[in-house]
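Everything below belongs to model-v8.txt, which stores compact mmCIF, C-alpha atoms and all ligand atoms.
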```txt
# COMPACT_ATOMS: atom_id res chain seq x y z
CA MET A 1 86.91 94.32 97.80
CA TRP A 2 89.81 92.91 95.77
CA THR A 3 91.46 90.88 98.42
CA VAL A 4 91.71 87.76 96.30
CA LYS A 5 95.07 87.80 94.55
CA SER A 6 94.05 86.61 91.13
CA THR A 7 90.90 88.70 91.16
CA SER A 8 92.78 91.90 91.78
CA MET A 9 95.19 91.14 88.98
CA LYS A 10 92.37 90.29 86.61
CA TRP A 11 90.56 93.46 87.55
CA PHE A 12 93.65 95.51 86.90
CA ILE A 13 94.14 94.03 83.47
CA ILE A 14 90.50 94.48 82.52
CA PHE A 15 90.60 98.06 83.69
CA VAL A 16 93.67 98.89 81.65
CA PHE A 17 92.10 97.21 78.64
CA ILE A 18 88.93 99.27 78.97
CA LEU A 19 90.95 102.45 79.25
CA ALA A 20 93.04 101.56 76.25
CA THR A 21 89.91 100.96 74.22
CA ALA A 22 88.08 104.01 75.47
CA VAL A 23 90.91 106.35 74.73
CA LYS A 24 91.60 105.10 71.23
CA CYS A 25 88.44 106.80 70.01
CA SER A 26 89.41 110.19 71.31
CA ALA A 27 93.12 109.85 70.69
CA SER A 28 92.87 111.26 67.20
CA ASP A 29 91.37 114.45 68.64
CA ILE A 30 94.45 115.06 70.65
CA LYS A 31 96.73 116.54 68.05
CA GLU A 32 99.75 117.52 70.05
CA LYS A 33 101.36 115.14 72.46
CA LYS A 34 100.70 116.32 75.96
CA GLN A 35 103.61 116.65 78.30
CA ILE A 36 102.88 115.56 81.82
CA LYS A 37 105.00 117.28 84.41
CA GLN A 38 105.48 116.17 87.95
CA GLU A 39 105.61 118.46 90.92
CA ALA A 40 106.70 117.85 94.47
CA ALA A 41 106.49 114.23 95.52
CA ARG A 42 106.11 113.88 99.26
CA PHE A 43 105.36 111.37 101.91
CA THR A 44 102.10 112.20 103.64
CA LYS A 45 102.34 109.24 105.97
CA CYS A 46 105.22 107.16 107.20
CA ASN A 47 104.00 104.74 109.85
CA GLU A 48 106.83 104.42 112.34
CA LYS A 49 105.69 100.98 113.41
CA TYR A 50 106.83 99.72 110.01
CA VAL A 51 109.16 102.26 108.38
CA SER A 52 111.48 105.13 109.18
CA ASP A 53 113.43 107.85 107.36
CA CYS A 54 110.93 108.46 104.57
CA TYR A 55 112.53 110.93 102.22
CA ALA A 56 111.45 112.38 98.90
CA ILE A 57 112.73 115.13 96.68
CA THR A 58 111.59 116.30 93.26
CA ARG A 59 113.87 118.54 91.28
CA ARG A 60 115.58 119.20 88.02
CA VAL A 61 119.14 118.08 88.10
CA LYS A 62 119.92 120.36 85.15
CA ARG A 63 118.11 123.18 83.39
CA GLY A 64 115.93 121.93 80.58
CA GLU A 65 115.78 118.43 81.95
CA PRO A 66 112.55 116.95 83.23
CA TYR A 67 111.78 116.94 86.91
CA ARG A 68 112.78 113.74 88.61
CA THR A 69 112.09 112.27 92.00
CA ASN A 70 114.20 110.38 94.46
CA CYS A 71 112.43 108.68 97.32
CA SER A 72 113.55 106.26 99.95
CA THR A 73 112.58 104.63 103.18
CA ILE A 74 113.90 102.12 105.67
CA SER A 75 111.56 99.25 106.37
CA LYS A 76 111.65 97.60 109.75
CA HIS A 77 110.08 94.35 108.56
CA ALA A 78 110.35 92.02 105.64
CA TRP A 79 107.76 92.72 102.94
CA GLY A 80 106.05 90.14 100.79
CA ASN A 81 102.48 89.72 99.65
CA ASN A 82 101.45 90.75 103.14
CA VAL A 83 101.97 94.28 101.82
CA THR A 84 99.65 95.71 99.17
CA MET A 85 100.30 98.68 96.93
CA ARG A 86 97.48 100.88 95.76
CA GLY A 87 97.66 103.82 93.38
CA GLU A 88 94.88 106.27 92.70
CA ILE A 89 94.31 109.55 90.97
CA LEU A 90 92.03 112.25 92.28
CA ILE A 91 89.81 113.97 89.77
CA ASP A 92 87.40 116.57 91.11
CA GLY A 93 87.60 114.99 94.52
CA LEU A 94 86.86 111.54 93.15
CA ALA A 95 89.48 108.86 93.72
CA ILE A 96 89.99 106.49 90.80
CA GLU A 97 92.07 103.45 91.56
CA ILE A 98 94.51 102.71 88.76
CA VAL A 99 96.62 100.01 90.29
CA ARG A 100 96.28 97.67 93.21
CA GLY A 101 98.04 94.47 94.08
CA GLU A 102 100.10 92.57 96.55
CA ILE A 103 103.65 93.71 96.03
CA CYS A 104 105.29 90.46 94.90
CA ASP A 105 102.45 89.88 92.42
CA LEU A 106 102.71 93.40 91.02
CA LEU A 107 106.25 92.66 89.87
CA LYS A 108 104.77 90.17 87.42
CA ILE A 109 103.34 93.09 85.43
CA ASP A 110 105.91 93.94 82.76
CA TRP A 111 106.00 97.70 83.13
CA VAL A 112 106.12 97.50 86.92
CA TYR A 113 109.00 95.03 86.74
CA ASN A 114 110.88 97.12 84.22
CA PHE A 115 110.32 100.33 86.18
CA THR A 116 111.42 98.75 89.44
CA MET A 117 114.56 97.13 88.00
CA THR A 118 115.53 100.30 86.19
CA TYR A 119 115.01 102.87 88.92
CA SER A 120 115.34 101.20 92.29
CA ASN A 121 117.41 98.94 94.46
CA VAL A 122 114.35 96.75 94.95
CA ARG A 123 115.01 93.27 93.59
CA HIS A 124 113.35 89.98 94.34
CA CYS A 125 110.43 89.28 96.61
CA PRO A 126 110.20 88.89 99.53
CA TYR A 127 112.18 91.95 100.59
CA LYS A 128 114.25 91.91 103.71
CA ALA A 129 114.04 94.76 106.17
CA GLY A 130 116.32 97.60 105.13
CA TYR A 131 116.87 100.63 102.95
CA TYR A 132 114.89 100.90 99.73
CA ALA A 133 115.09 103.70 97.23
CA PHE A 134 113.92 104.82 93.82
CA PHE A 135 116.31 107.11 91.95
CA ASN A 136 115.65 109.73 89.30
CA ILE A 137 112.19 108.53 88.41
CA GLU A 138 110.09 110.36 85.93
CA LEU A 139 106.43 110.37 86.83
CA PRO A 140 104.21 108.98 85.61
CA PRO A 141 106.44 106.07 84.59
CA ARG A 142 107.02 106.22 80.83
CA ASN A 143 106.11 102.65 80.13
CA MET A 144 102.98 102.69 82.28
CA PRO A 145 99.71 102.55 80.36
CA GLN A 146 98.98 106.28 80.47
CA ASN A 147 95.77 106.47 78.56
CA ILE A 148 93.67 107.71 81.42
CA LEU A 149 96.16 110.44 82.15
CA LYS A 150 95.82 111.79 78.63
CA LEU A 151 92.16 112.52 79.28
CA ILE A 152 92.89 114.78 82.17
CA LYS A 153 93.58 118.46 81.85
CA GLY A 154 95.33 120.69 84.30
CA GLN A 155 96.66 119.65 87.62
CA PHE A 156 95.80 116.49 89.41
CA THR A 157 96.99 114.51 92.36
CA THR A 158 98.10 110.92 92.50
CA ASN A 159 98.37 108.98 95.73
CA VAL A 160 100.34 105.83 96.29
CA TYR A 161 99.76 103.71 99.36
CA PHE A 162 101.50 100.73 100.87
CA LEU A 163 99.14 98.90 103.19
CA LEU A 164 99.07 95.78 105.28
CA THR A 165 97.20 93.35 103.06
CA LYS A 166 95.29 91.82 105.92
CA THR A 167 94.09 94.86 107.83
CA GLY A 168 94.47 97.72 105.37
CA GLU A 169 96.59 99.63 107.87
CA THR A 170 98.64 102.28 106.08
CA ILE A 171 102.40 101.84 106.11
CA ILE A 172 103.28 104.58 103.64
CA GLU A 173 101.28 107.19 101.81
CA MET A 174 102.81 109.33 99.07
CA THR A 175 101.41 112.15 97.02
CA VAL A 176 102.61 113.46 93.69
CA THR A 177 101.04 116.34 91.84
CA LEU A 178 101.07 116.03 88.08
CA ARG A 179 100.29 118.79 85.63
CA THR A 180 99.43 118.41 81.98
C1 LIG A 201 118.98 111.13 93.27
O1 LIG A 201 120.08 110.53 93.91
C2 LIG A 201 121.20 110.34 93.07
C3 LIG A 201 122.23 109.55 93.85
O2 LIG A 201 122.43 110.11 95.11
C4 LIG A 201 121.71 111.71 92.62
O3 LIG A 201 122.82 111.55 91.75
C5 LIG A 201 120.57 112.42 91.88
O4 LIG A 201 120.98 113.73 91.50
C6 LIG A 201 119.34 112.50 92.75
N1 LIG A 201 118.24 113.03 91.97
C7 LIG A 201 117.43 113.99 92.41
C8 LIG A 201 116.26 114.31 91.56
O5 LIG A 201 117.63 114.61 93.44
C1 LIG A 202 105.34 90.00 106.25
O1 LIG A 202 105.55 88.63 106.41
C2 LIG A 202 106.89 88.31 106.79
C3 LIG A 202 107.03 86.79 106.72
O2 LIG A 202 106.00 86.17 107.38
C4 LIG A 202 107.14 88.86 108.18
O3 LIG A 202 108.45 88.55 108.61
C5 LIG A 202 106.98 90.39 108.12
O4 LIG A 202 107.12 90.97 109.39
C6 LIG A 202 105.64 90.78 107.53
N1 LIG A 202 105.67 92.20 107.23
C7 LIG A 202 104.85 93.10 107.77
C8 LIG A 202 105.00 94.51 107.32
O5 LIG A 202 103.99 92.79 108.59
C1 LIG A 203 113.01 98.06 80.25
O1 LIG A 203 112.47 98.43 79.00
C2 LIG A 203 113.39 99.09 78.14
C3 LIG A 203 112.67 99.60 76.93
O2 LIG A 203 111.78 98.64 76.43
C4 LIG A 203 114.51 98.08 77.79
O3 LIG A 203 115.46 98.70 76.96
C5 LIG A 203 115.18 97.64 79.10
O4 LIG A 203 116.18 96.67 78.84
C6 LIG A 203 114.15 97.08 80.07
N1 LIG A 203 114.83 96.82 81.34
C7 LIG A 203 114.57 95.75 82.10
C8 LIG A 203 115.35 95.65 83.37
O5 LIG A 203 113.73 94.91 81.82
```

Please go through the file and, once you have read it, give me the structure as structure tokens.
Amino acid sequence: MWTVKSTSMKWFIIFVFILATAVKCSASDIKEKKQIKQEAARFTKCNEKYVSDCYAITRRVKRGEPYRTNCSTISKHAWGNNVTMRGEILIDGLAIEIVRGEICDLLKIDWVYNFTMTYSNVRHCPYKAGYYAFFNIELPPRNMPQNILKLIKGQFTTNVYFLLTKTGETIIEMTVTLRT
């Protein structure tokens, strides 16, 4: 549906704007700041045509510290805008897409760029085949617009997909459970 580059980006920005506006009204009702905790991050699909050695671990490095995740994979091909990332949250069985874009374009979004530069060995597009990892990430990313997450109570699941832009074939699928 959002295969056109600029349309997907525009859609994303509009969506975030709507959320930001929608939540402002109810924000004053939320007195205490909700802590969102992450639970086990795992790869639910690792398509061996494109990647190998998918690895994820979520743990506390020290008592009292937040849970953090390390995840890594080895890609067998170069990745550019021919790979699309999609993120969704599941609420009562309903999938709500919160981010979607071709991977080089996504890096133009400030918080995505900052997050990637801070926590990973991923640098400039296009990416050569090889080992890619994110280290000690806190989920959801702190600088991500989190307004929608504040509306959710209890436990919910987020899925992140990497897909071939052209065909939609899944390369990687990851799941993280978050709890508020
Ligand atoms: C992630 O990997 C780094 C480097 O190997 C390590 O120091 C850190 O403790 C790991 N974090 C987790 C959550 O396992
Ligand atoms: C993406 O495009 C590059 C350059 O054309 C190509 O080398 C690579 O194999 C493609 N990646 C995938 C996952 O198809
Ligand atoms: C990411 O954002 C933080 C806080 O705004 C800033 O201190 C840091 O320098 C930024 N890092 C990069 C790589 O842009």

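Between CA of Cys71 in chain A and CA of Phe134 in chain A there is a distance of 5.4 Å.
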
Legend entry - Expected answer as a VMD selection string: residues within 6 Å of ligand LIG 202 (chain A), only C-alpha atoms and all ligand atoms: chain A and resid 77 to 80 82

Against ligand LIG 203 (chain A), which residues of chain A fall within 9 Å? For each one I want the closest pair of atoms and the distance in Å (one decimal), counting all atoms listed in the file, rows by chain and increasing residue number, as CSV.
```
residue,atom,partner,partner_atom,distance
A:Asp110,CA,A:LIG203,O5,7.9
A:Trp111,CA,A:LIG203,C1,7.6
A:Tyr113,CA,A:LIG203,O5,6.8
A:Asn114,CA,A:LIG203,O5,4.3
A:Phe115,CA,A:LIG203,C1,6.9
A:Thr116,CA,A:LIG203,C8,7.9
A:Met117,CA,A:LIG203,C8,4.9
A:Thr118,CA,A:LIG203,C8,5.4
A:Asn143,CA,A:LIG203,O1,7.7
```

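Residues within 10 Å of Ile96 in chain A, counting all atoms listed in the file and excluding same-chain residues fewer than 6 positions away, are Gly87, Glu88, Ile89, Leu90 and Thr158 of chain A.
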
Inset, instruction - Have a look at CA of Val83 in chain A and CA of Tyr55 in chain A and let me know their distance in Å, one decimal. - result: 19.7 Å

Select from chain A every residue with an atom at most 7 Å from any atom of ligand LIG 201 (chain A), then for each give the shortest pair of atoms and their distance in Å to one decimal, using all atoms listed in the file, rows by chain and rising number, as a tab-separated table.
```
residue	atom	partner	partner_atom	distance
A:Ile57	CA	A:LIG201	O5	5.9
A:Thr58	CA	A:LIG201	C8	5.4
A:Arg59	CA	A:LIG201	C8	4.9
A:Arg60	CA	A:LIG201	C8	6.1
A:Val61	CA	A:LIG201	O4	5.8
A:Tyr67	CA	A:LIG201	C8	7.0
A:Arg68	CA	A:LIG201	C8	4.6
A:Thr69	CA	A:LIG201	C8	4.7
A:Asn70	CA	A:LIG201	C1	5.0
A:Phe135	CA	A:LIG201	C1	5.0
A:Asn136	CA	A:LIG201	N1	5.0
```

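Distance check against Leu178 in chain A using only C-alpha atoms: of A:Arg100, A:Lys37, A:Lys166, A:Lys45, the minimum falls on A:Lys37.
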
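Put simply, CA of Leu107 in chain A is 27.1 Å away from CA of Arg179 in chain A.
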
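Of the residues under consideration (A:Met174, A:Ile74, A:Met144, A:Leu163), A:Ile74 shows the shortest atom-to-atom contact distance to Val122 in chain A when counting all atoms listed in the file.
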
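With only C-alpha atoms as the atoms that count, the minimum distance from Ala41 in chain A to the choices A:Ile98, A:Cys104, A:Met85, A:Leu139 is reached by A:Leu139.
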
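Ranking A:Pro66, A:Gly154, A:Asp92, A:Pro140 by their shortest atom-to-atom distance to Val176 in chain A, with all atoms listed in the file included, puts A:Pro140 first.
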
Take every atom of range 81-87 of chain A listed in the file, fit an axis-aligned box around them, add 6 Å per side, and give the centre and edge lengths in Å to one decimal as JSON.
```
{"center_x": 100.0, "center_y": 96.8, "center_z": 98.3, "size_x": 17.0, "size_y": 26.1, "size_z": 21.8}
```

Legend entry - Spatial neighbours of Leu164 in chain A, max dist 8 Å, all atoms listed in the file, sep filter under 4 positions, as JSON, numbers by chain: {"A": [82, 83, 84, 168, 169, 170, 171]}
